[in-house]
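Note sheet for the following structure.
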Amino acid sequence: MTYLYGPVPSRRLGRSLGVDIVPFKTCTLDCVYCQLGKTTCKTIQRKEYVPIETVLAELQTYLDEDLQTDYITVGGSGEPTLNSGLRRLIEGIKKLTSIPAALLTNGTLFYLPEVRADCSKADVILPSLDAGDEATFNKVNRPIAEITFERLVEGLIALRTEYSGQIWLEVFCIERFNTDSKQIDKLAEAIKRIRPDKVHLNTAIRPTAEPGIEKMPPDELLRIARQISPDCEVIADYMSSHCGKATAEISQTLLSMLKRRPLCLEDVCAALGLNSIEAIKYLDDLKKQGLIQYENKAGLIFYKAR
């Protein structure tokens, strides 16, 4: 598959079949914590970066194989709302299957009415908000010049007004960047204006675009969650899944996953329904072929494609 990957383990969506509709690292932001590395094409230009009909044909082929997944998630290796065919894609997914459609987005283009309309048929939208003011937004997310903090927030407010589905807002916590008490109060105020259905706190568990971005301790995340809202939730690590792929396809599926995001051994086991010994055999085989490499982050090994 060219545009589909997984299903991959998601801490918020369970088993998530990914749909990638923009070229690698084509984005409106260049976040310091991005697990895919630095943005190579920072843009706000919307166009049909990949052919939507081809993507839907791939999905139909996958569904014909008796796919088991909890969500079909439009996201991948860039900002999906940059694809001007997004509405046709989501409507096409809804015609092909009853599996719910999710949109994983940084939320920066929701100030545009056409983008909000394009996303209206998704079952759940998962945008991000990592700052409570312009200075912190620029420091953490490093946006293209046309995107400002207030434009981001106003777009999310407009989305909430018009969109009847679920909005699950993610806040990525980075010590010394956006976690002091004053900044959290500002974030909490912005979140009150947006009125999402859920607020999820996340932190670095995989290699990041910039060095020195460390995983925050659970007690610190809980402190921040309580300060934001009584309903704010710290995302737990995803522990188990089974994607039902045939054995002959495991290596190909694993490599496709690792091209999109780094995974630790537990992630691989969860996504492919393998025990650790089986997973290590597949990883070692791909490593011997020179197709993947690994990186140690805070004592945990993450694998990624070369």
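Labels used: A, B, ... for chains in the order of the structure tokens, numbers from 1 for residues in each chain, and numbers from 1 for ligands as shown.
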Expected answer as a compact mmCIF listing (two decimals) with N, CA and C atoms, in the first residue's frame: strand (DSSP E or B) residues in range 104-219 of chain A:
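What follows is the written file part.txt:
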# COMPACT_ATOMS: atom_id res chain seq x y z
N LEU A 104 -6.48 13.43 12.40
CA LEU A 104 -5.39 13.85 13.28
C LEU A 104 -4.73 15.07 12.65
N VAL A 124 -14.53 11.99 14.58
CA VAL A 124 -13.77 12.64 15.65
C VAL A 124 -12.61 13.40 15.03
N ILE A 125 -12.36 14.60 15.54
CA ILE A 125 -11.24 15.42 15.11
C ILE A 125 -10.31 15.59 16.30
N LEU A 126 -9.00 15.34 16.06
CA LEU A 126 -8.02 15.40 17.14
C LEU A 126 -6.98 16.47 16.83
N SER A 128 -4.40 19.89 17.99
CA SER A 128 -3.40 20.13 19.03
C SER A 128 -3.43 21.58 19.48
N GLN A 166 -17.09 14.74 17.71
CA GLN A 166 -16.21 14.82 18.87
C GLN A 166 -14.93 15.57 18.54
N ILE A 167 -14.49 16.43 19.46
CA ILE A 167 -13.20 17.11 19.37
C ILE A 167 -12.37 16.69 20.57
N TRP A 168 -11.26 16.01 20.31
CA TRP A 168 -10.35 15.59 21.38
C TRP A 168 -9.05 16.38 21.22
N LEU A 169 -8.84 17.33 22.10
CA LEU A 169 -7.70 18.25 22.00
C LEU A 169 -6.49 17.66 22.72
N GLU A 170 -5.35 17.67 22.03
CA GLU A 170 -4.11 17.18 22.63
C GLU A 170 -3.20 18.34 22.98
N VAL A 171 -2.61 18.27 24.18
CA VAL A 171 -1.60 19.23 24.63
C VAL A 171 -0.30 18.47 24.85
N PHE A 172 0.75 18.86 24.15
CA PHE A 172 2.04 18.19 24.28
C PHE A 172 2.88 18.98 25.28
N LYS A 198 -12.86 16.38 24.90
CA LYS A 198 -11.83 15.80 25.76
C LYS A 198 -10.55 16.60 25.62
N VAL A 199 -9.74 16.59 26.68
CA VAL A 199 -8.40 17.17 26.64
C VAL A 199 -7.42 16.09 27.07
N HIS A 200 -6.42 15.83 26.23
CA HIS A 200 -5.43 14.79 26.48
C HIS A 200 -4.05 15.42 26.62
N LEU A 201 -3.33 15.04 27.66
CA LEU A 201 -1.95 15.49 27.83
C LEU A 201 -1.00 14.42 27.30
N ASN A 202 -0.01 14.85 26.55
CA ASN A 202 0.97 13.94 25.98
C ASN A 202 2.36 14.44 26.32
Which residues of range 185-274 of chain A come within 12 Å of range 75-99 of chain A, and for each one, what is the closest pair of atoms and their distance in Å to one decimal, counting only C-alpha atoms, sorted by chain and residue number, as a Markdown table?
| residue | atom | partner | partner_atom | distance |
| --- | --- | --- | --- | --- |
| A:Ser256 | CA | A:Gly76 | CA | 11.4 |
| A:Met257 | CA | A:Gly76 | CA | 10.1 |
| A:Leu258 | CA | A:Ser77 | CA | 11.4 |
| A:Lys259 | CA | A:Ser77 | CA | 9.1 |
| A:Arg260 | CA | A:Ser77 | CA | 6.1 |
| A:Arg261 | CA | A:Ser77 | CA | 8.1 |
| A:Pro262 | CA | A:Ser77 | CA | 11.7 |
Spatial neighbours of range 278-287 of chain A, 10 Å, only C-alpha atoms, chain gap at least 2 places, as a PyMOL selection string = chain A and resi 250-252+254-255+265-270+272-276+289-294+303-306
Q) Do you know which residues are at most 8 Å from range 182-196 of chain A counting only C-alpha atoms, after dropping those on the same chain fewer than 5 positions away, and could you put them as a ChimeraX atom specification? A) /A:130-133,153,156-157,160,166-169,224,227-229
Could you pull out the helix (DSSP H, G or I) residues of range 117-304 of chain A, going by DSSP on the backbone, and write them as an MDAnalysis selection string?
chainID A and resid 117:118 134:141 149:162 181:194 218:228 247:260 265:272 276:288
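Every protein, DNA or RNA residue with an atom at most 6 Å from Asp123 in chain A, where only C-alpha atoms count and chain neighbours fewer than 2 positions away do not, is listed here: A:Pro100, A:Ala101, A:Ala102, A:Gly165.
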Using only C-alpha atoms, please write the residues we just selected to a file, as a PDB file, in the first residue's frame.
ATOM      1  CA  PRO A 100     -15.422   5.585  12.270  1.00  0.00           C
ATOM      2  CA  ALA A 101     -13.220   8.167  10.565  1.00  0.00           C
ATOM      3  CA  ALA A 102     -10.802  10.229  12.640  1.00  0.00           C
ATOM      4  CA  GLY A 165     -18.759  15.461  16.149  1.00  0.00           C
TER       5      GLY A 165
END
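One distance worth recording is that between CA of Pro127 in chain A and CA of Thr61 in chain A, which is 28.8 Å.
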Open item on the list: Taking 2 positions as the minimum chain separation for residues in the same chain, which residues sit within 12 Å of Phe177 in chain A when counting only C-alpha atoms? Answer as a VMD selection string.
Closed with: chain A and resid 31 to 33 130 to 133 135 to 141 172 to 175 179 to 184 212 to 214 216
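Considering the residues A:Val234, A:Ile21, A:Ala145, A:Leu13 and counting only C-alpha atoms, Ile72 in chain A has its shortest atom-to-atom contact with A:Leu13.
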task = Name all residues at most 9 Å from Lys297 in chain A (count only C-alpha atoms; drop same-chain ones fewer than 5 positions away) and give them as a PyMOL selection string.
result = chain A and resi 205-207+214+302
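With only C-alpha atoms as the basis for measurement, A:Thr28 is the residue among A:Thr28, A:Thr73, A:Thr54, A:Gln60 that approaches Leu109 in chain A most closely.
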